[in-house]
Amino acid sequence: MSALDSALDGIPTPTGTPSGSPCPARIAKKLPGREAALIEAYRTSNKQITLCRTEDGQLYYYGEFIGRPSTGLAMKAEETNDGYVARNDPYRYTISGDEVIITRYGSRIGREQLIPEPSPS
């Protein structure tokens with residue numbers, strides 16, 4: 001059994017996250033690998049942002065418009081000294097403190113307040 005397998009029932013369960021929660025299944029299935037752990041989840045006025053780490057240690061930023069799951073997009077992310085950054089050229093999404101800043105070709109095109117939430121639905 002790997003470190004990510006449950007000794008009780010043999011069902012893989014993500015470990016090593018602050019909350020110990022699995023990444024929501026609808027998001028995890030869009031990431032590479034068998035499973036992912038929830039790292040952070042936020043809402044803005046009209047978007048849901050979810051950060052999950054796959055079993056191989058890769059962090060992903062998943063962004064979507066609230067109520068429109070078909071708009072979801074997963075992209076590799078990195079931890080920074082004060083948050084996270086994800087890139088989908090030419091866009092860059094920087095989470096710092098309680099806000100996300102969106103840039104396109106290096107110019108800021110958006111800045112939104114983040115509301116932490118335990119786990120997206």
# chains A, B, ... in the order shown; residues from 1 in each chain; ligands from 1
>>> residues_around(residues="Gly33 of chain A", least_positions_apart="2", cutoff="8 Å", atoms="only C-alpha atoms", output="list in words")
Leu31, Glu35, Ala36, Thr54, Glu55 and Asp56 of chain A
>>> residues_around(residues="segment 89-102 of chain A", least_positions_apart="3", cutoff="9 Å", atoms="only C-alpha atoms", output="list in words")
Thr44, Tyr61, Thr80, Asn81, Asp82, Gly83, Tyr84, Val85, Ala86, Tyr105, Gly106, Ser107, Arg108, Ile109, Gly110, Arg111, Glu112, Gln113, Leu114, Ile115 and Pro116 of chain A
>>> atom_distance(atom1="atom CA of Ser45 of chain A", atom2="atom CA of Pro120 of chain A")
14.4 Å
>>> atom_distance(atom1="atom CA of Gln48 of chain A", atom2="atom CA of Arg34 of chain A")
22.7 Å
>>> atom_distance(atom1="atom CA of Tyr60 of chain A", atom2="atom CA of Pro118 of chain A")
17.0 Å
>>> select_by_dssp(residues="segment 10-94 of chain A", states="strand (DSSP E or B)", output="JSON list (two decimals) with all heavy atoms, in the first residue's frame")
[["chain", "number", "residue", "atom", "x", "y", "z"],
["A", 12, "PRO", "N", -8.14, 4.73, -1.72],
["A", 12, "PRO", "CA", -7.17, 5.82, -1.65],
["A", 12, "PRO", "C", -7.79, 7.06, -1.04],
["A", 12, "PRO", "O", -8.90, 7.45, -1.39],
["A", 12, "PRO", "CB", -6.78, 6.07, -3.11],
["A", 12, "PRO", "CG", -7.20, 4.85, -3.84],
["A", 12, "PRO", "CD", -8.35, 4.27, -3.08],
["A", 22, "PRO", "N", -10.26, 15.47, 0.51],
["A", 22, "PRO", "CA", -9.98, 15.18, -0.89],
["A", 22, "PRO", "C", -10.42, 16.35, -1.77],
["A", 22, "PRO", "O", -11.33, 17.10, -1.41],
["A", 22, "PRO", "CB", -10.82, 13.94, -1.18],
["A", 22, "PRO", "CG", -11.90, 13.96, -0.17],
["A", 22, "PRO", "CD", -11.36, 14.67, 1.05],
["A", 36, "ALA", "N", -6.39, 13.48, -5.78],
["A", 36, "ALA", "CA", -5.82, 14.78, -5.45],
["A", 36, "ALA", "C", -6.38, 15.23, -4.11],
["A", 36, "ALA", "O", -7.48, 14.84, -3.72],
["A", 36, "ALA", "CB", -6.16, 15.80, -6.54],
["A", 37, "ALA", "N", -5.62, 16.05, -3.43],
["A", 37, "ALA", "CA", -6.02, 16.57, -2.12],
["A", 37, "ALA", "C", -6.35, 18.05, -2.23],
["A", 37, "ALA", "O", -5.68, 18.80, -2.95],
["A", 37, "ALA", "CB", -4.88, 16.37, -1.12],
["A", 38, "LEU", "N", -7.37, 18.47, -1.53],
["A", 38, "LEU", "CA", -7.77, 19.87, -1.49],
["A", 38, "LEU", "C", -6.76, 20.66, -0.67],
["A", 38, "LEU", "O", -6.44, 20.28, 0.45],
["A", 38, "LEU", "CB", -9.16, 20.00, -0.87],
["A", 38, "LEU", "CG", -9.70, 21.41, -0.70],
["A", 38, "LEU", "CD1", -9.95, 22.06, -2.06],
["A", 38, "LEU", "CD2", -10.98, 21.38, 0.12],
["A", 39, "ILE", "N", -6.26, 21.75, -1.23],
["A", 39, "ILE", "CA", -5.31, 22.61, -0.53],
["A", 39, "ILE", "C", -6.02, 23.88, -0.06],
["A", 39, "ILE", "O", -5.96, 24.24, 1.10],
["A", 39, "ILE", "CB", -4.10, 22.97, -1.44],
["A", 39, "ILE", "CG1", -3.39, 21.69, -1.90],
["A", 39, "ILE", "CG2", -3.15, 23.92, -0.73],
["A", 39, "ILE", "CD1", -2.85, 20.82, -0.79],
["A", 40, "GLU", "N", -6.70, 24.57, -0.96],
["A", 40, "GLU", "CA", -7.44, 25.79, -0.64],
["A", 40, "GLU", "C", -8.64, 25.89, -1.56],
["A", 40, "GLU", "O", -8.62, 25.37, -2.67],
["A", 40, "GLU", "CB", -6.58, 27.05, -0.88],
["A", 40, "GLU", "CG", -5.31, 27.13, -0.11],
["A", 40, "GLU", "CD", -5.47, 27.65, 1.30],
["A", 40, "GLU", "OE1", -6.59, 28.04, 1.69],
["A", 40, "GLU", "OE2", -4.47, 27.63, 2.03],
["A", 41, "ALA", "N", -9.67, 26.60, -1.10],
["A", 41, "ALA", "CA", -10.84, 26.88, -1.94],
["A", 41, "ALA", "C", -11.31, 28.29, -1.62],
["A", 41, "ALA", "O", -11.34, 28.69, -0.45],
["A", 41, "ALA", "CB", -11.95, 25.87, -1.68],
["A", 42, "TYR", "N", -11.65, 29.03, -2.66],
["A", 42, "TYR", "CA", -12.09, 30.43, -2.52],
["A", 42, "TYR", "C", -13.27, 30.70, -3.45],
["A", 42, "TYR", "O", -13.45, 30.04, -4.46],
["A", 42, "TYR", "CB", -10.97, 31.40, -2.94],
["A", 42, "TYR", "CG", -9.67, 31.24, -2.23],
["A", 42, "TYR", "CD1", -8.62, 30.54, -2.82],
["A", 42, "TYR", "CD2", -9.46, 31.82, -0.99],
["A", 42, "TYR", "CE1", -7.39, 30.42, -2.19],
["A", 42, "TYR", "CE2", -8.24, 31.69, -0.35],
["A", 42, "TYR", "CZ", -7.21, 31.00, -0.96],
["A", 42, "TYR", "OH", -5.99, 30.88, -0.33],
["A", 43, "ARG", "N", -13.97, 31.76, -3.13],
["A", 43, "ARG", "CA", -14.99, 32.33, -4.03],
["A", 43, "ARG", "C", -14.68, 33.81, -4.19],
["A", 43, "ARG", "O", -14.13, 34.44, -3.31],
["A", 43, "ARG", "CB", -16.40, 32.22, -3.42],
["A", 43, "ARG", "CG", -17.00, 30.86, -3.56],
["A", 43, "ARG", "CD", -18.45, 30.87, -3.09],
["A", 43, "ARG", "NE", -19.01, 29.55, -3.26],
["A", 43, "ARG", "CZ", -19.80, 29.21, -4.26],
["A", 43, "ARG", "NH1", -20.15, 30.09, -5.16],
["A", 43, "ARG", "NH2", -20.26, 27.98, -4.37],
["A", 47, "LYS", "N", -16.75, 33.86, -9.23],
["A", 47, "LYS", "CA", -15.87, 32.74, -9.58],
["A", 47, "LYS", "C", -15.60, 31.85, -8.38],
["A", 47, "LYS", "O", -15.66, 32.29, -7.24],
["A", 47, "LYS", "CB", -14.54, 33.26, -10.12],
["A", 47, "LYS", "CG", -14.66, 33.95, -11.45],
["A", 47, "LYS", "CD", -13.32, 34.51, -11.89],
["A", 47, "LYS", "CE", -13.50, 35.49, -13.01],
["A", 47, "LYS", "NZ", -14.06, 36.76, -12.58],
["A", 48, "GLN", "N", -15.28, 30.60, -8.69],
["A", 48, "GLN", "CA", -14.84, 29.62, -7.70],
["A", 48, "GLN", "C", -13.41, 29.26, -8.07],
["A", 48, "GLN", "O", -13.13, 28.97, -9.23],
["A", 48, "GLN", "CB", -15.72, 28.37, -7.79],
["A", 48, "GLN", "CG", -15.26, 27.22, -6.93],
["A", 48, "GLN", "CD", -15.46, 27.49, -5.46],
["A", 48, "GLN", "OE1", -16.54, 27.89, -5.05],
["A", 48, "GLN", "NE2", -14.42, 27.31, -4.67],
["A", 49, "ILE", "N", -12.50, 29.30, -7.09],
["A", 49, "ILE", "CA", -11.10, 28.95, -7.31],
["A", 49, "ILE", "C", -10.78, 27.81, -6.33],
["A", 49, "ILE", "O", -11.01, 27.94, -5.13],
["A", 49, "ILE", "CB", -10.17, 30.14, -7.06],
["A", 49, "ILE", "CG1", -10.48, 31.26, -8.04],
["A", 49, "ILE", "CG2", -8.70, 29.70, -7.16],
["A", 49, "ILE", "CD1", -9.82, 32.59, -7.70],
["A", 50, "THR", "N", -10.24, 26.73, -6.86],
["A", 50, "THR", "CA", -9.90, 25.57, -6.04],
["A", 50, "THR", "C", -8.46, 25.19, -6.34],
["A", 50, "THR", "O", -8.07, 25.07, -7.49],
["A", 50, "THR", "CB", -10.83, 24.38, -6.35],
["A", 50, "THR", "OG1", -12.19, 24.82, -6.25],
["A", 50, "THR", "CG2", -10.58, 23.23, -5.42],
["A", 51, "LEU", "N", -7.67, 24.99, -5.30],
["A", 51, "LEU", "CA", -6.29, 24.54, -5.44],
["A", 51, "LEU", "C", -6.20, 23.13, -4.89],
["A", 51, "LEU", "O", -6.58, 22.87, -3.74],
["A", 51, "LEU", "CB", -5.34, 25.48, -4.69],
["A", 51, "LEU", "CG", -5.25, 26.86, -5.33],
["A", 51, "LEU", "CD1", -5.24, 27.94, -4.31],
["A", 51, "LEU", "CD2", -4.04, 26.94, -6.22],
["A", 52, "CYS", "N", -5.71, 22.21, -5.72],
["A", 52, "CYS", "CA", -5.57, 20.82, -5.33],
["A", 52, "CYS", "C", -4.17, 20.34, -5.70],
["A", 52, "CYS", "O", -3.58, 20.81, -6.67],
["A", 52, "CYS", "CB", -6.60, 19.95, -6.05],
["A", 52, "CYS", "SG", -8.30, 20.26, -5.54],
["A", 53, "ARG", "N", -3.67, 19.37, -4.91],
["A", 53, "ARG", "CA", -2.36, 18.78, -5.18],
["A", 53, "ARG", "C", -2.57, 17.31, -5.54],
["A", 53, "ARG", "O", -3.23, 16.58, -4.81],
["A", 53, "ARG", "CB", -1.46, 18.90, -3.96],
["A", 53, "ARG", "CG", -0.02, 18.50, -4.24],
["A", 53, "ARG", "CD", 0.89, 18.70, -3.04],
["A", 53, "ARG", "NE", 0.83, 20.01, -2.45],
["A", 53, "ARG", "CZ", 1.48, 21.11, -2.88],
["A", 53, "ARG", "NH1", 2.22, 21.04, -3.97],
["A", 53, "ARG", "NH2", 1.37, 22.25, -2.25],
["A", 54, "THR", "N", -1.99, 16.92, -6.67],
["A", 54, "THR", "CA", -2.12, 15.53, -7.12],
["A", 54, "THR", "C", -1.16, 14.65, -6.33],
["A", 54, "THR", "O", -0.27, 15.14, -5.63],
["A", 54, "THR", "CB", -1.84, 15.41, -8.63],
["A", 54, "THR", "OG1", -0.53, 15.94, -8.90],
["A", 54, "THR", "CG2", -2.88, 16.16, -9.45],
["A", 59, "LEU", "N", 0.79, 20.91, -7.91],
["A", 59, "LEU", "CA", -0.31, 21.78, -7.49],
["A", 59, "LEU", "C", -1.05, 22.27, -8.72],
["A", 59, "LEU", "O", -0.43, 22.62, -9.73],
["A", 59, "LEU", "CB", 0.26, 22.97, -6.71],
["A", 59, "LEU", "CG", -0.72, 23.97, -6.13],
["A", 59, "LEU", "CD1", -1.60, 23.32, -5.06],
["A", 59, "LEU", "CD2", 0.04, 25.15, -5.52],
["A", 60, "TYR", "N", -2.39, 22.29, -8.64],
["A", 60, "TYR", "CA", -3.24, 22.78, -9.72],
["A", 60, "TYR", "C", -4.20, 23.83, -9.21],
["A", 60, "TYR", "O", -4.73, 23.71, -8.10],
["A", 60, "TYR", "CB", -4.04, 21.64, -10.37],
["A", 60, "TYR", "CG", -3.20, 20.80, -11.28],
["A", 60, "TYR", "CD1", -2.49, 19.72, -10.78],
["A", 60, "TYR", "CD2", -3.08, 21.10, -12.63],
["A", 60, "TYR", "CE1", -1.69, 18.95, -11.60],
["A", 60, "TYR", "CE2", -2.28, 20.33, -13.46],
["A", 60, "TYR", "CZ", -1.59, 19.27, -12.94],
["A", 60, "TYR", "OH", -0.79, 18.51, -13.76],
["A", 61, "TYR", "N", -4.41, 24.84, -10.03],
["A", 61, "TYR", "CA", -5.39, 25.91, -9.80],
["A", 61, "TYR", "C", -6.54, 25.60, -10.75],
["A", 61, "TYR", "O", -6.34, 25.44, -11.95],
["A", 61, "TYR", "CB", -4.72, 27.23, -10.18],
["A", 61, "TYR", "CG", -5.56, 28.48, -10.17],
["A", 61, "TYR", "CD1", -5.27, 29.49, -9.26],
["A", 61, "TYR", "CD2", -6.56, 28.72, -11.11],
["A", 61, "TYR", "CE1", -5.98, 30.70, -9.27],
["A", 61, "TYR", "CE2", -7.28, 29.90, -11.12],
["A", 61, "TYR", "CZ", -6.97, 30.89, -10.20],
["A", 61, "TYR", "OH", -7.67, 32.07, -10.22],
["A", 62, "TYR", "N", -7.74, 25.49, -10.19],
["A", 62, "TYR", "CA", -8.92, 25.22, -11.00],
["A", 62, "TYR", "C", -9.87, 26.40, -10.83],
["A", 62, "TYR", "O", -10.31, 26.68, -9.72],
["A", 62, "TYR", "CB", -9.59, 23.91, -10.56],
["A", 62, "TYR", "CG", -10.71, 23.50, -11.47],
["A", 62, "TYR", "CD1", -10.47, 22.81, -12.64],
["A", 62, "TYR", "CD2", -12.02, 23.81, -11.15],
["A", 62, "TYR", "CE1", -11.50, 22.44, -13.49],
["A", 62, "TYR", "CE2", -13.06, 23.44, -11.99],
["A", 62, "TYR", "CZ", -12.79, 22.76, -13.15],
["A", 62, "TYR", "OH", -13.82, 22.39, -13.99],
["A", 63, "GLY", "N", -10.14, 27.11, -11.90],
["A", 63, "GLY", "CA", -11.02, 28.27, -11.85],
["A", 63, "GLY", "C", -12.25, 28.06, -12.72],
["A", 63, "GLY", "O", -12.16, 27.45, -13.78],
["A", 64, "GLU", "N", -13.39, 28.55, -12.21],
["A", 64, "GLU", "CA", -14.64, 28.44, -12.96],
["A", 64, "GLU", "C", -15.59, 29.54, -12.52],
["A", 64, "GLU", "O", -15.47, 30.08, -11.42],
["A", 64, "GLU", "CB", -15.29, 27.08, -12.75],
["A", 64, "GLU", "CG", -15.73, 26.85, -11.32],
["A", 64, "GLU", "CD", -16.20, 25.43, -11.06],
["A", 64, "GLU", "OE1", -16.92, 24.88, -11.90],
["A", 64, "GLU", "OE2", -15.84, 24.90, -10.00],
["A", 65, "PHE", "N", -16.53, 29.87, -13.39],
["A", 65, "PHE", "CA", -17.59, 30.80, -13.01],
["A", 65, "PHE", "C", -18.60, 30.06, -12.16],
["A", 65, "PHE", "O", -18.95, 28.91, -12.46],
["A", 65, "PHE", "CB", -18.27, 31.40, -14.26],
["A", 65, "PHE", "CG", -17.42, 32.43, -14.94],
["A", 65, "PHE", "CD1", -16.63, 32.08, -16.03],
["A", 65, "PHE", "CD2", -17.39, 33.74, -14.49],
["A", 65, "PHE", "CE1", -15.83, 33.03, -16.65],
["A", 65, "PHE", "CE2", -16.59, 34.69, -15.10],
["A", 65, "PHE", "CZ", -15.81, 34.33, -16.19],
["A", 68, "ARG", "N", -21.53, 27.63, -13.30],
["A", 68, "ARG", "CA", -21.25, 27.25, -14.69],
["A", 68, "ARG", "C", -20.03, 26.32, -14.74],
["A", 68, "ARG", "O", -18.96, 26.72, -15.19],
["A", 68, "ARG", "CB", -21.02, 28.50, -15.53],
["A", 68, "ARG", "CG", -22.29, 29.35, -15.62],
["A", 68, "ARG", "CD", -22.14, 30.67, -16.33],
["A", 68, "ARG", "NE", -21.29, 30.65, -17.50],
["A", 68, "ARG", "CZ", -20.61, 31.71, -17.92],
["A", 68, "ARG", "NH1", -20.70, 32.86, -17.27],
["A", 68, "ARG", "NH2", -19.86, 31.63, -18.99],
["A", 69, "PRO", "N", -20.18, 25.09, -14.26],
["A", 69, "PRO", "CA", -19.03, 24.19, -14.20],
["A", 69, "PRO", "C", -18.38, 23.91, -15.55],
["A", 69, "PRO", "O", -17.21, 23.56, -15.61],
["A", 69, "PRO", "CB", -19.58, 22.92, -13.57],
["A", 69, "PRO", "CG", -21.06, 23.02, -13.67],
["A", 69, "PRO", "CD", -21.40, 24.47, -13.78],
["A", 70, "SER", "N", -19.10, 24.10, -16.63],
["A", 70, "SER", "CA", -18.51, 23.86, -17.95],
["A", 70, "SER", "C", -17.42, 24.88, -18.28],
["A", 70, "SER", "O", -16.66, 24.69, -19.22],
["A", 70, "SER", "CB", -19.59, 23.89, -19.03],
["A", 70, "SER", "OG", -20.18, 25.18, -19.11],
["A", 71, "THR", "N", -17.33, 25.97, -17.51],
["A", 71, "THR", "CA", -16.31, 26.99, -17.75],
["A", 71, "THR", "C", -15.00, 26.66, -17.04],
["A", 71, "THR", "O", -14.03, 27.40, -17.18],
["A", 71, "THR", "CB", -16.79, 28.37, -17.27],
["A", 71, "THR", "OG1", -16.99, 28.34, -15.84],
["A", 71, "THR", "CG2", -18.06, 28.79, -17.97],
["A", 72, "GLY", "N", -14.95, 25.56, -16.29],
["A", 72, "GLY", "CA", -13.78, 25.22, -15.49],
["A", 72, "GLY", "C", -12.53, 24.99, -16.30],
["A", 72, "GLY", "O", -12.55, 24.41, -17.39],
["A", 73, "LEU", "N", -11.41, 25.45, -15.74],
["A", 73, "LEU", "CA", -10.11, 25.31, -16.39],
["A", 73, "LEU", "C", -9.06, 24.99, -15.32],
["A", 73, "LEU", "O", -8.96, 25.70, -14.33],
["A", 73, "LEU", "CB", -9.73, 26.61, -17.11],
["A", 73, "LEU", "CG", -8.38, 26.66, -17.79],
["A", 73, "LEU", "CD1", -8.32, 25.67, -18.95],
["A", 73, "LEU", "CD2", -8.11, 28.06, -18.32],
["A", 74, "ALA", "N", -8.33, 23.90, -15.53],
["A", 74, "ALA", "CA", -7.25, 23.51, -14.61],
["A", 74, "ALA", "C", -5.92, 23.93, -15.20],
["A", 74, "ALA", "O", -5.69, 23.79, -16.41],
["A", 74, "ALA", "CB", -7.27, 22.00, -14.39],
["A", 75, "MET", "N", -5.05, 24.46, -14.35],
["A", 75, "MET", "CA", -3.71, 24.84, -14.80],
["A", 75, "MET", "C", -2.71, 24.59, -13.68],
["A", 75, "MET", "O", -3.07, 24.66, -12.50],
["A", 75, "MET", "CB", -3.68, 26.29, -15.26],
["A", 75, "MET", "CG", -4.07, 27.30, -14.22],
["A", 75, "MET", "SD", -4.47, 28.93, -14.89],
["A", 75, "MET", "CE", -6.24, 28.75, -15.08],
["A", 76, "LYS", "N", -1.49, 24.26, -14.04],
["A", 76, "LYS", "CA", -0.45, 24.06, -13.04],
["A", 76, "LYS", "C", -0.25, 25.34, -12.27],
["A", 76, "LYS", "O", -0.35, 26.44, -12.81],
["A", 76, "LYS", "CB", 0.85, 23.62, -13.69],
["A", 76, "LYS", "CG", 0.81, 22.20, -14.19],
["A", 76, "LYS", "CD", 2.14, 21.78, -14.74],
["A", 76, "LYS", "CE", 2.09, 20.32, -15.17],
["A", 76, "LYS", "NZ", 3.40, 19.89, -15.70],
["A", 77, "ALA", "N", 0.05, 25.18, -10.98],
["A", 77, "ALA", "CA", 0.27, 26.33, -10.10],
["A", 77, "ALA", "C", 1.53, 26.10, -9.27],
["A", 77, "ALA", "O", 2.05, 24.99, -9.21],
["A", 77, "ALA", "CB", -0.94, 26.53, -9.20],
["A", 78, "GLU", "N", 1.97, 27.16, -8.64],
["A", 78, "GLU", "CA", 3.13, 27.11, -7.74],
["A", 78, "GLU", "C", 2.80, 27.88, -6.48],
["A", 78, "GLU", "O", 2.06, 28.86, -6.52],
["A", 78, "GLU", "CB", 4.34, 27.79, -8.39],
["A", 78, "GLU", "CG", 4.77, 27.25, -9.71],
["A", 78, "GLU", "CD", 5.82, 28.16, -10.37],
["A", 78, "GLU", "OE1", 6.33, 29.10, -9.73],
["A", 78, "GLU", "OE2", 6.11, 27.91, -11.54],
["A", 79, "GLU", "N", 3.39, 27.44, -5.37],
["A", 79, "GLU", "CA", 3.28, 28.21, -4.14],
["A", 79, "GLU", "C", 4.31, 29.33, -4.20],
["A", 79, "GLU", "O", 5.39, 29.15, -4.74],
["A", 79, "GLU", "CB", 3.55, 27.32, -2.93],
["A", 79, "GLU", "CG", 2.44, 26.33, -2.68],
["A", 79, "GLU", "CD", 2.64, 25.55, -1.40],
["A", 79, "GLU", "OE1", 2.67, 26.18, -0.32],
["A", 79, "GLU", "OE2", 2.77, 24.33, -1.50],
["A", 80, "THR", "N", 3.94, 30.48, -3.65],
["A", 80, "THR", "CA", 4.86, 31.60, -3.55],
["A", 80, "THR", "C", 5.04, 31.91, -2.07],
["A", 80, "THR", "O", 4.42, 31.27, -1.22],
["A", 80, "THR", "CB", 4.31, 32.84, -4.28],
["A", 80, "THR", "OG1", 3.10, 33.26, -3.65],
["A", 80, "THR", "CG2", 4.05, 32.54, -5.75],
["A", 83, "GLY", "N", 1.38, 33.18, -1.21],
["A", 83, "GLY", "CA", 0.17, 32.67, -1.86],
["A", 83, "GLY", "C", 0.48, 31.66, -2.94],
["A", 83, "GLY", "O", 1.27, 30.74, -2.75],
["A", 84, "TYR", "N", -0.12, 31.91, -4.12],
["A", 84, "TYR", "CA", -0.01, 30.98, -5.24],
["A", 84, "TYR", "C", -0.01, 31.77, -6.54],
["A", 84, "TYR", "O", -0.53, 32.87, -6.61],
["A", 84, "TYR", "CB", -1.22, 30.03, -5.27],
["A", 84, "TYR", "CG", -1.43, 29.29, -3.98],
["A", 84, "TYR", "CD1", -2.29, 29.78, -3.01],
["A", 84, "TYR", "CD2", -0.75, 28.09, -3.72],
["A", 84, "TYR", "CE1", -2.49, 29.11, -1.81],
["A", 84, "TYR", "CE2", -0.95, 27.41, -2.53],
["A", 84, "TYR", "CZ", -1.81, 27.93, -1.58],
["A", 84, "TYR", "OH", -2.00, 27.26, -0.41],
["A", 85, "VAL", "N", 0.55, 31.13, -7.57],
["A", 85, "VAL", "CA", 0.48, 31.71, -8.91],
["A", 85, "VAL", "C", 0.24, 30.59, -9.92],
["A", 85, "VAL", "O", 0.78, 29.50, -9.78],
["A", 85, "VAL", "CB", 1.76, 32.52, -9.27],
["A", 85, "VAL", "CG1", 2.99, 31.63, -9.32],
["A", 85, "VAL", "CG2", 1.60, 33.29, -10.55],
["A", 86, "ALA", "N", -0.64, 30.88, -10.88],
["A", 86, "ALA", "CA", -0.93, 29.93, -11.96],
["A", 86, "ALA", "C", -0.85, 30.69, -13.27],
["A", 86, "ALA", "O", -1.17, 31.88, -13.34],
["A", 86, "ALA", "CB", -2.32, 29.33, -11.77],
["A", 87, "ARG", "N", -0.45, 29.98, -14.32],
["A", 87, "ARG", "CA", -0.32, 30.61, -15.63],
["A", 87, "ARG", "C", -1.07, 29.82, -16.68],
["A", 87, "ARG", "O", -1.02, 28.60, -16.71],
["A", 87, "ARG", "CB", 1.15, 30.69, -16.02],
["A", 87, "ARG", "CG", 1.95, 31.62, -15.15],
["A", 87, "ARG", "CD", 3.44, 31.52, -15.49],
["A", 87, "ARG", "NE", 4.24, 32.34, -14.61],
["A", 87, "ARG", "CZ", 4.65, 31.96, -13.40],
["A", 87, "ARG", "NH1", 4.34, 30.77, -12.94],
["A", 87, "ARG", "NH2", 5.37, 32.76, -12.65],
["A", 88, "ASN", "N", -1.74, 30.56, -17.53],
["A", 88, "ASN", "CA", -2.39, 30.03, -18.72],
["A", 88, "ASN", "C", -2.13, 31.09, -19.78],
["A", 88, "ASN", "O", -2.97, 31.95, -20.01],
["A", 88, "ASN", "CB", -3.88, 29.81, -18.47],
["A", 88, "ASN", "CG", -4.58, 29.21, -19.66],
["A", 88, "ASN", "OD1", -3.98, 28.50, -20.46],
["A", 88, "ASN", "ND2", -5.86, 29.52, -19.80],
["A", 91, "TYR", "N", -2.32, 34.65, -19.71],
["A", 91, "TYR", "CA", -2.90, 35.06, -18.43],
["A", 91, "TYR", "C", -2.08, 34.52, -17.26],
["A", 91, "TYR", "O", -1.47, 33.46, -17.34],
["A", 91, "TYR", "CB", -4.34, 34.56, -18.30],
["A", 91, "TYR", "CG", -5.24, 35.13, -19.35],
["A", 91, "TYR", "CD1", -5.49, 34.43, -20.53],
["A", 91, "TYR", "CD2", -5.83, 36.37, -19.18],
["A", 91, "TYR", "CE1", -6.30, 34.96, -21.51],
["A", 91, "TYR", "CE2", -6.66, 36.91, -20.16],
["A", 91, "TYR", "CZ", -6.88, 36.20, -21.32],
["A", 91, "TYR", "OH", -7.69, 36.72, -22.29],
["A", 92, "ARG", "N", -2.13, 35.28, -16.17],
["A", 92, "ARG", "CA", -1.47, 34.89, -14.92],
["A", 92, "ARG", "C", -2.44, 35.21, -13.79],
["A", 92, "ARG", "O", -3.01, 36.31, -13.75],
["A", 92, "ARG", "CB", -0.17, 35.66, -14.75],
["A", 92, "ARG", "CG", 0.58, 35.34, -13.51],
["A", 92, "ARG", "CD", 1.86, 36.16, -13.47],
["A", 92, "ARG", "NE", 2.46, 36.11, -12.18],
["A", 92, "ARG", "CZ", 3.73, 35.85, -11.95],
["A", 92, "ARG", "NH1", 4.54, 35.64, -12.97],
["A", 92, "ARG", "NH2", 4.20, 35.82, -10.74],
["A", 93, "TYR", "N", -2.61, 34.25, -12.89],
["A", 93, "TYR", "CA", -3.52, 34.40, -11.74],
["A", 93, "TYR", "C", -2.67, 34.33, -10.48],
["A", 93, "TYR", "O", -2.06, 33.30, -10.20],
["A", 93, "TYR", "CB", -4.55, 33.28, -11.74],
["A", 93, "TYR", "CG", -5.32, 33.21, -13.04],
["A", 93, "TYR", "CD1", -4.82, 32.50, -14.13],
["A", 93, "TYR", "CD2", -6.53, 33.86, -13.18],
["A", 93, "TYR", "CE1", -5.51, 32.44, -15.32],
["A", 93, "TYR", "CE2", -7.23, 33.81, -14.38],
["A", 93, "TYR", "CZ", -6.72, 33.10, -15.44],
["A", 93, "TYR", "OH", -7.40, 33.04, -16.63],
["A", 94, "THR", "N", -2.62, 35.43, -9.74],
["A", 94, "THR", "CA", -1.79, 35.50, -8.54],
["A", 94, "THR", "C", -2.67, 35.67, -7.32],
["A", 94, "THR", "O", -3.39, 36.67, -7.19],
["A", 94, "THR", "CB", -0.80, 36.68, -8.63],
["A", 94, "THR", "OG1", -0.02, 36.54, -9.83],
["A", 94, "THR", "CG2", 0.12, 36.72, -7.42]]
